[in-house]
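Step one of this worksheet: look at the structure below.
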Amino acid sequence: MMAANQGDTRVLVFLRTCWRHIRHLRWVQMLLLGLILLLGFGVTGAFYDNYRDSVDTEKRNVRSSLERTTQLLSERIGQSVLLNNRSSIEQRLRLLETMPTIGVVVVANHQGDVLVRARKQDQTLVFADPTGPQSASGDTGFSGRFPALGYTSSIPFGTRTVGSITLRTDAPHVQASTDARFRQFLLESFVMWCVLGIFGGYLFIQTRFENRLRRQLHVDPVTGELSRFGFNERFRERDRFLHQALLLVDLYDMKAINAGHGLAIGDRILQIVARTLRATLGPRAAVARLDGDDFAIMIPATQWASVQQIGHAVTTALHAVRFDEIEELEKIKVCGGAVIVGPEDSLSQRLSEADLALKHAKQRDWGRIVCADAEFIAHSQSTGAFVTDLRIRQGLKTHEFEYHIQPIVNVGTGETLGYESLIRWNCEGEMRPPAIFLDRFREVMKDDEYYAYVVAMRRALTQQAARSGVGFLTFNIGLEDLNNLQDPDQFAYDFGADCPNGPEVIIEVTERGLPQHFGDDLTGLKTAWEELRSRHTTLALDDFGALESNLYRLRELDIEYVKIDKTLITAVTDDPKSRAIVRSIGMLCEALDIHVVAEGIETETLSETVLSLGIPIQQGFLLGRPQPPAHYFGGGN
């Protein structure tokens, strides 16, 4: 009884194990498993039907053989039975030695006395003592059950019935044939199930390996919370049904802690932080470690007030943590960014917004959670925080970018001398200023495929200016790009300087970038400019007078235009020092044979003041705002 119970327990354990593995199968694997079982049972059924058909065929063949043979012999031995000629009967019965299914033969006369009785041994009939009555009742037809089947037939001679003959099958031989067919069925089924079992076993092994790997990928090995992969998998778009607060939390100076105290201490801090977050937020929250010291929290919330409370609870709890292992670390500093994620929202987009809020907190206010609400997002969009390289590439391909031009005027004579080319982005019906996208735009231009779009825009503008008789066009260029262009012919082509009867092309190099790329040694820039310059191209120094101005550059570089920065120009109406500086720059550039352009002229008073300081060439909204080329070229200069 105990052995039976133990056997039942083992079966239940086996079934539970199988069910546990089956539950972890993905739908494709479940489908494959179902197909395997369906195929296995279907083929087994086909094998069994084939076995049953073969057994039925064997039965029919045996019955038919008994009936035909018995009738044949009864016709041949009629006279011998009438004459009781046993030797003749035995000779006729030798035919049965060629028939393996016949095992016993009995011949009797019409009185029921057995004349001949024989049993087959090793395919040879062995005749026995015929004495004794016939075991059968004398009724003709079949008797017994397969495989021990018999058939009795009367023996006619003329119109008389002179006796009877009974044939019985060789039951062991027939049964052996049936057993062989059954063994074949078992063997075929066994082989088939072995093949399917191997495939199913591989499926289970693969599933177990995938589940183990998936668990390892889902769980962060240091904190035991979700990993980045696990976080993304858990909160995929199709799996979210509630509004939730998403918080990104960053720990202050973890790299220094790891470097100064070792990775073991750093891991210990991460574990304590993870436990603190879990204890503070409870079971409803999902905590994930995204990177070295970045944590993500997802918890149900619908109102910004709730998000702020959650953020305050997180920062308060982490600030209260003490670390005995590090004497210098009294408390840990954290900051973060938070958003509300709806069921239909893009998780990657919300992560980007939360990350932007986190960066804002790092730059301005360590110790608090910044909420990326509508006001924050609007401000960030206005500064180009969400502009991506991909979006700019798409804009170039769909011709969303275009050049606008702003006139540069000699206010003393009223003549428009030329135009500055300014890139603009017509994005979704809104004209976006360069401050939003220019940094990303310059990065995209490093790709030759997309730089070709910009070259095409420049050349189209230059050709348009040539048809309108424009004196010059100015283009802004990054110093790193200028330093990389080593082919003068290609340089002239890229800026349209090779256009017949075209305007003079002026390349504006900003003062703000010179120290970063060249420092005080301008040899590289001078060499690059000498190689690139053609008779149609001149160099202008932009943003002069702002931040990093250096008179050494005026001496070393072959500059033909200096554009005084707007911040210095706008101050001349109220600040005597600014007026003195601007007048001095004008006089200095006149002595060096350098043209001076005053930027940022927006009022009549400012224009007149700058003109009185000896600078007639001016640029600004007063003289013309940046507009599409047709606005100025269509009306002439």
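The chains in the structure tokens are called A, B, ... from first to last as shown; in each chain the residues are counted from 1, and the ligands are counted from 1 in the order shown.
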DSSP alpha helix (DSSP H) residues within region 286-449 of chain A, as number ranges by chain: A: 304-319, 347-364, 374-382, 389-397, 434-444, 448-449
Residue nearest Leu396 (chain A) among A:Asp53, A:Glu449, A:Ser352, A:Gly112 (counting only C-alpha atoms): A:Glu449
Selection: 12 Å around Glu599 (chain A), only C-alpha atoms, excl. self and same-chain fewer than 4 positions, as a PDB file with N, CA and C atoms, in the first residue's frame:
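The new file around02.pdb reads:
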ATOM      1  N   GLN A 406      19.118  87.821 -44.907  1.00  0.00           N
ATOM      2  CA  GLN A 406      18.924  89.101 -44.211  1.00  0.00           C
ATOM      3  C   GLN A 406      19.873  90.129 -44.837  1.00  0.00           C
ATOM      4  N   PRO A 407      19.357  91.294 -45.208  1.00  0.00           N
ATOM      5  CA  PRO A 407      20.209  92.270 -45.912  1.00  0.00           C
ATOM      6  C   PRO A 407      21.273  92.895 -45.011  1.00  0.00           C
ATOM      7  N   ILE A 408      22.414  93.199 -45.621  1.00  0.00           N
ATOM      8  CA  ILE A 408      23.496  93.963 -44.996  1.00  0.00           C
ATOM      9  C   ILE A 408      23.590  95.269 -45.777  1.00  0.00           C
ATOM     10  N   VAL A 409      23.350  96.397 -45.087  1.00  0.00           N
ATOM     11  CA  VAL A 409      23.092  97.675 -45.757  1.00  0.00           C
ATOM     12  C   VAL A 409      24.139  98.720 -45.348  1.00  0.00           C
ATOM     13  N   GLU A 420      23.138  87.994 -45.627  1.00  0.00           N
ATOM     14  CA  GLU A 420      23.614  86.851 -44.827  1.00  0.00           C
ATOM     15  C   GLU A 420      22.626  85.706 -44.987  1.00  0.00           C
ATOM     16  N   ASP A 542      33.051  86.510 -37.229  1.00  0.00           N
ATOM     17  CA  ASP A 542      31.718  86.779 -36.690  1.00  0.00           C
ATOM     18  C   ASP A 542      31.778  86.881 -35.172  1.00  0.00           C
ATOM     19  N   ASP A 543      30.771  87.520 -34.584  1.00  0.00           N
ATOM     20  CA  ASP A 543      30.616  87.640 -33.122  1.00  0.00           C
ATOM     21  C   ASP A 543      31.822  88.326 -32.475  1.00  0.00           C
ATOM     22  N   PHE A 544      32.456  89.254 -33.174  1.00  0.00           N
ATOM     23  CA  PHE A 544      33.621  89.928 -32.602  1.00  0.00           C
ATOM     24  C   PHE A 544      33.170  90.832 -31.458  1.00  0.00           C
ATOM     25  N   GLY A 545      33.965  90.815 -30.398  1.00  0.00           N
ATOM     26  CA  GLY A 545      33.645  91.615 -29.225  1.00  0.00           C
ATOM     27  C   GLY A 545      32.869  90.865 -28.169  1.00  0.00           C
ATOM     28  N   VAL A 562      34.784  92.099 -40.345  1.00  0.00           N
ATOM     29  CA  VAL A 562      34.583  91.843 -38.920  1.00  0.00           C
ATOM     30  C   VAL A 562      33.151  92.241 -38.590  1.00  0.00           C
ATOM     31  N   LYS A 563      32.414  91.301 -37.986  1.00  0.00           N
ATOM     32  CA  LYS A 563      31.030  91.586 -37.597  1.00  0.00           C
ATOM     33  C   LYS A 563      30.995  91.718 -36.079  1.00  0.00           C
ATOM     34  N   ILE A 564      30.697  92.958 -35.624  1.00  0.00           N
ATOM     35  CA  ILE A 564      30.682  93.218 -34.182  1.00  0.00           C
ATOM     36  C   ILE A 564      29.416  92.611 -33.599  1.00  0.00           C
ATOM     37  N   ASP A 565      29.584  91.905 -32.478  1.00  0.00           N
ATOM     38  CA  ASP A 565      28.489  91.146 -31.875  1.00  0.00           C
ATOM     39  C   ASP A 565      27.368  92.068 -31.397  1.00  0.00           C
ATOM     40  N   LYS A 566      26.160  91.558 -31.468  1.00  0.00           N
ATOM     41  CA  LYS A 566      24.965  92.327 -31.107  1.00  0.00           C
ATOM     42  C   LYS A 566      25.008  92.808 -29.665  1.00  0.00           C
ATOM     43  N   THR A 567      25.574  92.003 -28.762  1.00  0.00           N
ATOM     44  CA  THR A 567      25.579  92.377 -27.340  1.00  0.00           C
ATOM     45  C   THR A 567      26.373  93.653 -27.106  1.00  0.00           C
ATOM     46  N   LEU A 568      27.367  93.891 -27.910  1.00  0.00           N
ATOM     47  CA  LEU A 568      28.170  95.103 -27.767  1.00  0.00           C
ATOM     48  C   LEU A 568      27.501  96.289 -28.475  1.00  0.00           C
ATOM     49  N   ILE A 569      26.885  96.028 -29.615  1.00  0.00           N
ATOM     50  CA  ILE A 569      26.258  97.100 -30.394  1.00  0.00           C
ATOM     51  C   ILE A 569      25.057  97.690 -29.657  1.00  0.00           C
ATOM     52  N   THR A 570      24.204  96.827 -29.094  1.00  0.00           N
ATOM     53  CA  THR A 570      22.959  97.326 -28.475  1.00  0.00           C
ATOM     54  C   THR A 570      23.210  98.180 -27.242  1.00  0.00           C
ATOM     55  N   ALA A 571      24.437  98.142 -26.716  1.00  0.00           N
ATOM     56  CA  ALA A 571      24.730  98.919 -25.502  1.00  0.00           C
ATOM     57  C   ALA A 571      25.243 100.313 -25.801  1.00  0.00           C
ATOM     58  N   VAL A 582      33.337 100.438 -29.526  1.00  0.00           N
ATOM     59  CA  VAL A 582      32.896 100.261 -30.908  1.00  0.00           C
ATOM     60  C   VAL A 582      33.622 101.240 -31.825  1.00  0.00           C
ATOM     61  N   THR A 603      16.644  99.693 -34.078  1.00  0.00           N
ATOM     62  CA  THR A 603      15.939 100.973 -33.946  1.00  0.00           C
ATOM     63  C   THR A 603      16.688 102.041 -34.734  1.00  0.00           C
ATOM     64  N   LEU A 606      19.520 103.541 -32.619  1.00  0.00           N
ATOM     65  CA  LEU A 606      20.722 102.704 -32.578  1.00  0.00           C
ATOM     66  C   LEU A 606      21.486 102.807 -33.898  1.00  0.00           C
ATOM     67  N   SER A 607      20.755 102.804 -35.007  1.00  0.00           N
ATOM     68  CA  SER A 607      21.418 102.893 -36.306  1.00  0.00           C
ATOM     69  C   SER A 607      22.172 104.206 -36.449  1.00  0.00           C
ATOM     70  N   VAL A 610      25.346 104.219 -34.184  1.00  0.00           N
ATOM     71  CA  VAL A 610      26.431 103.416 -34.734  1.00  0.00           C
ATOM     72  C   VAL A 610      27.049 104.103 -35.946  1.00  0.00           C
ATOM     73  N   ILE A 615      30.625 103.569 -38.365  1.00  0.00           N
ATOM     74  CA  ILE A 615      30.330 102.236 -38.908  1.00  0.00           C
ATOM     75  C   ILE A 615      29.038 102.335 -39.695  1.00  0.00           C
ATOM     76  N   PRO A 616      29.117 102.516 -41.018  1.00  0.00           N
ATOM     77  CA  PRO A 616      27.901 102.653 -41.813  1.00  0.00           C
ATOM     78  C   PRO A 616      27.290 101.313 -42.242  1.00  0.00           C
ATOM     79  N   ILE A 617      28.104 100.246 -42.304  1.00  0.00           N
ATOM     80  CA  ILE A 617      27.587  98.953 -42.761  1.00  0.00           C
ATOM     81  C   ILE A 617      26.905  98.273 -41.568  1.00  0.00           C
ATOM     82  N   GLN A 618      25.603  98.034 -41.729  1.00  0.00           N
ATOM     83  CA  GLN A 618      24.821  97.547 -40.589  1.00  0.00           C
ATOM     84  C   GLN A 618      23.881  96.417 -41.021  1.00  0.00           C
ATOM     85  N   GLN A 619      23.466  95.679 -39.999  1.00  0.00           N
ATOM     86  CA  GLN A 619      22.564  94.527 -40.235  1.00  0.00           C
ATOM     87  C   GLN A 619      21.649  94.401 -39.028  1.00  0.00           C
ATOM     88  N   GLY A 620      20.356  94.190 -39.269  1.00  0.00           N
ATOM     89  CA  GLY A 620      19.435  94.031 -38.160  1.00  0.00           C
ATOM     90  C   GLY A 620      17.994  94.112 -38.614  1.00  0.00           C
ATOM     91  N   PHE A 621      17.079  93.917 -37.691  1.00  0.00           N
ATOM     92  CA  PHE A 621      15.652  93.881 -38.023  1.00  0.00           C
ATOM     93  C   PHE A 621      15.157  95.216 -38.594  1.00  0.00           C
ATOM     94  N   LEU A 622      15.794  96.327 -38.171  1.00  0.00           N
ATOM     95  CA  LEU A 622      15.382  97.613 -38.702  1.00  0.00           C
ATOM     96  C   LEU A 622      15.579  97.665 -40.218  1.00  0.00           C
ATOM     97  N   LEU A 623      16.638  97.057 -40.686  1.00  0.00           N
ATOM     98  CA  LEU A 623      17.002  97.114 -42.103  1.00  0.00           C
ATOM     99  C   LEU A 623      16.418  95.944 -42.885  1.00  0.00           C
ATOM    100  N   GLY A 624      15.893  94.962 -42.223  1.00  0.00           N
ATOM    101  CA  GLY A 624      15.274  93.834 -42.912  1.00  0.00           C
ATOM    102  C   GLY A 624      15.393  92.554 -42.093  1.00  0.00           C
TER     103      GLY A 624
END
Between CA of Cys427 (chain A) and CA of Arg467 (chain A) - distance in Å to one decimal: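 For CA of Arg467 (chain A) relative to CA of Cys427 (chain A), the distance reads 28.8 Å.
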Long-range neighbours of Ala288 (chain A) as a list in words, 9 Å cut-off, only C-alpha atoms, 4 positions minimum in chain: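 Using only C-alpha atoms, the neighbours found are Val219, Asp220, Thr223, Gly224, Glu225, Leu226, Ser227, Arg228, Gly230, Phe231, Ala274, Asp294, Phe295, Ala296, Ile297 and Met298 of chain A.
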Gly266 (chain A) environment, 8 Å, only C-alpha atoms, sequence neighbours closer than 6 positions dropped, as number ranges by chain: A: 254, 257-258
Minimum-distance residue to Ser382 (chain A), chosen among A:Pro433, A:Glu400, A:Gly34, A:Lys362 (using only C-alpha atoms): A:Pro433
Between CA of His312 (chain A) and CA of Ile369 (chain A) - distance in Å to one decimal: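 Those two atoms sit 7.2 Å apart.
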Test item: residues at most 7 Å from Thr315 (chain A), only C-alpha atoms, excluding those fewer than 2 positions along its chain, as a PyMOL selection string: chain A and resi 311-313+317-319+334+367-368
Ser584 (chain A) environment, 12 Å, only C-alpha atoms, sequence neighbours closer than 3 positions dropped, as a list in words: Gly545, Ile564, Lys577, Ser578, Arg579, Ala580, Ile581, Met587, Leu588, Cys589, Glu590, Ala591, Val596, Leu613, Gly614 and Ile615 of chain A
Counting only C-alpha atoms, the residue of A:Ile423, A:Ile559, A:Val572, A:Met192 that sits nearest Asp593 (chain A):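 Answer, going by the shortest atom-to-atom distance: A:Ile559.
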Residue with smallest distance to Thr276 (chain A) - pool A:Ile77, A:Met99, A:Leu149, A:Ala320, counting only C-alpha atoms: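 Among the listed residues, the smallest separation from Thr276 (chain A) belongs to A:Ala320.
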Distance in Å - CA of Thr413 (chain A) versus CA of Ala497 (chain A):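 Separation of CA of Thr413 (chain A) and CA of Ala497 (chain A): 27.1 Å.
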